[in-house]
Amino acid sequence: MNKLMTCIECPKGCRLTLEPDGSHVLRVSGHKCPKGELYAKQEFENPLRILTTSVLAEGLTLKMIPVKTSQPIPKAKLLEAMEQIRRIKVQCPVNLGEVIQANFGNFGVDLVATRSAQKPKVS
Amino acid sequence: MRSRELVIVGGGPAGLAAALAAHEHGIRDILLLERDQCLGGILNQCIHPGFGLHYFKETLTGPEYAERFIQRVLAIPEIEISLRSFAVKLDSKKTLTYLTPGKLETLSARAVIMATGCRERTREMIHIPGTRPAGIFPAGLAQKMINLEGWLPGREIVIVGSGDIGLIMARRLTLEGARVKAVIEIQKESRGLVRNVTQCLEDFNIPLYLRHRIVKIHGRNRVEKIEAAEVNDELLEIPGSRFEMACDTLLVSVGLIPENELIEMAGAEIDPATNTPKTESLNHTSIPGLFTCGNAFKIYDLADGVTKDSLLAGQQAAEFIRSAS
Ligand code: SF4
C-alpha cells in the first residue's frame, strides 16, 4: 500500500507518494527537488524534527532566550525534550549560535541560542 | 526643524532591508525609527524555523534571520537607529513627528519609507456571538506572551482560523504543555502553508475542523466553552451540527491588516478593502517620495519575500532622492 505524506522541507509542501517495502522505502514520487526524497525516507524510517523553544533568562536584557536543537531529534521525543528544557535557566550573556547546553538530553545534539542577549548596562 | 535625507519607520525585516539597500545605493543620511526596545520586529517572537530558505539558502529561525540583518545595519555608521521611537504624525510634505522617551521630535525628510508591518484581525471582526470573558487572544499576541514574556495564556485551547500563526501556535502551546483541542476553519482548506498543517497539527494529532465556525462563546469571567457548528458552501450553519467544546482559552488567527494609518493621515490614497496604498507599482504610494514596504504594503507569506521587496524599496527611495536633488 502506498503511503502519502507532505514534504515539510520548504514552503512548497509537495505531496509525496511512497512505495514502502516492509520498513524501507522502494520509491518516492511527487517531490520537486531531491530534498523531498531524502525527507520521505527519513520520515518513513525515523521521523526527525528540529525543536525550537525559548528558555528562561535571568539578569539579561531579555526575559526569554530562543533556542533550537543543533540537529533534528526524534519527533516522538519532542515532549520529553521540552520537559528537560523547562528546567534550564540562562544567566550568562549569550551570543547567537552559542551552546546553551552541550549534548542536550542525550540526543547527541546541542541546544543553541538563536538570539544574542547581554547583561543590562548599569547606568 | 531638522531635515534628513531618508527616514524609515519600523525596524523589522522590511525596515532593516530598506535601510541596507538605501545605504548601498548611496544614501548617507538615514534615520531608522523603531518603537520597541530592540530591532527585529515580529521576527523576534517567531522562534520557529523556516525563514531564509530563499534569501540565505538555509533554514533559520525568525530571531536568527533578524539578527543577520541587524548586525549588518549596526555595522553601518550612516544608519542612525532610534529605538523606543513611535511615529505619530506624517503629512504630505513628509514632515514626520515621533515620540521618544521624554520628547516629541519633528523632522522633515526628502523620502520616507513606512515599514510599519501589520496588526492582527480580532474577534470583533469575525462576529462571534456570546459573552466577553477573559481568555480570548489574537494568536500573535499569545505568541509574544509565550516566546518573549514566558507566560502560558491557558491550558485548554481552541484556535479559530487556520492561518500560519494559528497553526504555529497550536504546536507551540502543545510543546509548552497546553492541550490544543481543535483548530476551527470556516473555509474548505487551511489558510496556512500545508507544511504547517503537517508539522504543527498532524505531528501532534490536533484536529482541524474545516468548514466549521464558532457559533458561541460561553463563560462569565473566563472562557468556559465554545459551541461550534459545521457550515455549508454558503457558509451557513448546517442544522443539527452544533457541538460544544470545553476550553479556557480561544486564540483568534483570522488574518492580518496592513498598518497604514500614517500614510493615510498624510493623504495617500488607501484601498479600504485591504488597508493598503492604492498604487500601480510595488512599494509606492500616491505621494511621491513616500514609500511603504513589507507587510504594510501587502501581506506576505514569507519573510524572505518581505526582504526581497524591501531591498527594492530602499533602492527606489535612494533613486527618488537622487533624482529630486
Ligand atoms: S520536495 Fe523539495 S520542493 Fe517539494 S516541498 Fe520538499 S523541499 Fe520543497
# chains A, B, ... in the order shown; residues from 1 in each chain; ligands from 1
call {"tool": "residues_near_ligand", "arguments": {"ligand": "ligand 1", "cutoff": "6 Å", "atoms": "only C-alpha atoms and all ligand atoms", "output": "MDAnalysis selection string"}}
result
chainID A and resid 7:10 12:14 31:33 35:36
call {"tool": "closest_atom_pairs", "arguments": {"of": "chain A", "to": "chain B", "cutoff": "9 Å", "atoms": "only C-alpha atoms", "output": "tab-separated table"}}
result
residue	atom	partner	partner_atom	distance
A:Met5	CA	B:Thr198	CA	8.5
A:Thr6	CA	B:Arg195	CA	6.6
A:Cys7	CA	B:Arg195	CA	6.8
A:Ile8	CA	B:Arg195	CA	4.7
A:Glu9	CA	B:Arg195	CA	7.9
A:Cys10	CA	B:Gly50	CA	7.4
A:Pro11	CA	B:Arg195	CA	6.5
A:Lys12	CA	B:Arg195	CA	7.9
A:Gly13	CA	B:Arg195	CA	5.3
A:Cys14	CA	B:Arg195	CA	8.6
A:Arg49	CA	B:Gln199	CA	8.8
A:Ile50	CA	B:Pro49	CA	7.9
A:Leu51	CA	B:His48	CA	8.2
A:Thr52	CA	B:His48	CA	5.6
A:Thr53	CA	B:Ile47	CA	6.7
A:Ser54	CA	B:Asn147	CA	6.0
A:Val55	CA	B:Gly150	CA	8.2
A:Leu56	CA	B:Gly150	CA	7.2
A:Leu62	CA	B:Leu148	CA	7.7
A:Lys63	CA	B:Glu149	CA	6.1
A:Met64	CA	B:Leu148	CA	5.5
A:Ile65	CA	B:Leu148	CA	7.9
A:Pro66	CA	B:Ile47	CA	6.2
A:Val67	CA	B:Ile47	CA	7.8
A:Lys68	CA	B:Thr61	CA	8.4
A:Lys75	CA	B:Asp203	CA	7.9
A:Leu78	CA	B:Leu175	CA	7.5
A:Leu79	CA	B:Leu175	CA	6.0
A:Met82	CA	B:Leu175	CA	6.5
A:Glu83	CA	B:Glu176	CA	8.8
A:Arg86	CA	B:Glu176	CA	8.7
A:Leu96	CA	B:Glu64	CA	7.2
A:Gly97	CA	B:Glu64	CA	8.6
A:Thr114	CA	B:Glu64	CA	5.4
A:Arg115	CA	B:Pro63	CA	5.7
A:Ser116	CA	B:Glu67	CA	8.2
call {"tool": "closest_residue", "arguments": {"among": "B:His218, B:Lys188, B:Arg110, B:Arg132", "to": "B:Leu96", "atoms": "only C-alpha atoms"}}
result
B:Arg110
call {"tool": "residues_around", "arguments": {"residues": "A:Lys41", "least_positions_apart": "4", "cutoff": "7 Å", "atoms": "only C-alpha atoms", "output": "list in words"}}
result
Val25, Glu37 and Glu45 of chain A
call {"tool": "residues_around", "arguments": {"residues": "A:Ser70", "least_positions_apart": "4", "cutoff": "9 Å", "atoms": "only C-alpha atoms", "output": "list of chain:residue names"}}
result
A:Ile50, A:Leu51, A:Val99, A:Val109, A:Asp110, A:Leu111, A:Val112
call {"tool": "residues_around", "arguments": {"residues": "B:Ala273", "least_positions_apart": "2", "cutoff": "12 Å", "atoms": "only C-alpha atoms", "output": "MDAnalysis selection string"}}
result
chainID B and resid 257:258 270:271 275:278 298
call {"tool": "residues_around", "arguments": {"residues": "B:Ser190", "least_positions_apart": "2", "cutoff": "10 Å", "atoms": "only C-alpha atoms", "output": "PyMOL selection string"}}
result
chain B and resi 161-164+167+183-188+192-194+196-197+208-211
call {"tool": "select_by_dssp", "arguments": {"residues": "stretch 64-289 of chain B", "states": "strand (DSSP E)", "output": "ChimeraX atom specification"}}
result
/B:79-82,86-90,95-100,103-114,118-120,136-138,156-160,179-184,208-209,212-218,225-230,243-246,249-252,256-258,270-271,276-277
call {"tool": "closest_residue", "arguments": {"among": "A:Asn2, A:Gln118, A:Thr17, A:Ser29", "to": "A:Pro93", "atoms": "only C-alpha atoms"}}
result
A:Gln118
call {"tool": "select_by_dssp", "arguments": {"residues": "chain A", "states": "helix (DSSP H, G or I)", "output": "MDAnalysis selection string"}}
result
chainID A and resid 34:45 75:85
call {"tool": "closest_residue", "arguments": {"among": "B:Pro13, B:Pro101, B:Gly305, B:Gly289", "to": "B:Thr116", "atoms": "only C-alpha atoms"}}
result
B:Pro13
call {"tool": "atom_distance", "arguments": {"atom1": "atom CA of B:Ala303", "atom2": "atom CA of B:Gly140"}}
result
15.4 Å
call {"tool": "closest_residue", "arguments": {"among": "A:Gln101, A:Lys121, A:Leu48, A:Lys3", "to": "A:Gln71", "atoms": "only C-alpha atoms"}}
result
A:Leu48
call {"tool": "residues_around", "arguments": {"residues": "B:Thr95", "least_positions_apart": "2", "cutoff": "6 Å", "atoms": "only C-alpha atoms", "output": "NGL selection string"}}
result
:B and (90-91 or 93 or 107-108)
call {"tool": "write_last_selection", "arguments": {"atoms": "N, CA, C and O atoms", "output": "PDB file, in the first residue's frame"}}
result
ATOM      1  N   LEU B  90       2.318  62.293  10.207  1.00  0.00           N
ATOM      2  CA  LEU B  90       3.019  62.419   8.935  1.00  0.00           C
ATOM      3  C   LEU B  90       2.158  63.268   8.014  1.00  0.00           C
ATOM      4  O   LEU B  90       0.932  63.103   7.987  1.00  0.00           O
ATOM      5  N   ASP B  91       2.785  64.193   7.278  1.00  0.00           N
ATOM      6  CA  ASP B  91       1.983  64.951   6.305  1.00  0.00           C
ATOM      7  C   ASP B  91       2.516  64.747   4.889  1.00  0.00           C
ATOM      8  O   ASP B  91       3.520  64.062   4.685  1.00  0.00           O
ATOM      9  N   LYS B  93       4.034  66.578   2.929  1.00  0.00           N
ATOM     10  CA  LYS B  93       5.369  67.113   2.609  1.00  0.00           C
ATOM     11  C   LYS B  93       6.462  66.288   3.275  1.00  0.00           C
ATOM     12  O   LYS B  93       7.618  66.695   3.328  1.00  0.00           O
ATOM     13  N   LEU B 107      10.682  66.252  12.243  1.00  0.00           N
ATOM     14  CA  LEU B 107      11.717  66.472  11.243  1.00  0.00           C
ATOM     15  C   LEU B 107      11.123  66.355   9.851  1.00  0.00           C
ATOM     16  O   LEU B 107      10.035  65.823   9.664  1.00  0.00           O
ATOM     17  N   SER B 108      11.842  66.888   8.884  1.00  0.00           N
ATOM     18  CA  SER B 108      11.357  66.743   7.523  1.00  0.00           C
ATOM     19  C   SER B 108      12.332  65.844   6.782  1.00  0.00           C
ATOM     20  O   SER B 108      13.543  65.876   7.035  1.00  0.00           O
TER      21      SER B 108
END
call {"tool": "atom_distance", "arguments": {"atom1": "atom CA of A:Glu80", "atom2": "atom CA of B:Val180"}}
result
17.6 Å
call {"tool": "closest_residue", "arguments": {"among": "A:Ala102, A:Ala76, A:Met1, A:Leu38", "to": "A:Gly22", "atoms": "only C-alpha atoms"}}
result
A:Met1
call {"tool": "closest_residue", "arguments": {"among": "B:Gly294, B:Gly40, B:Gly219, B:Gly10", "to": "B:Ala87", "atoms": "only C-alpha atoms"}}
result
B:Gly10
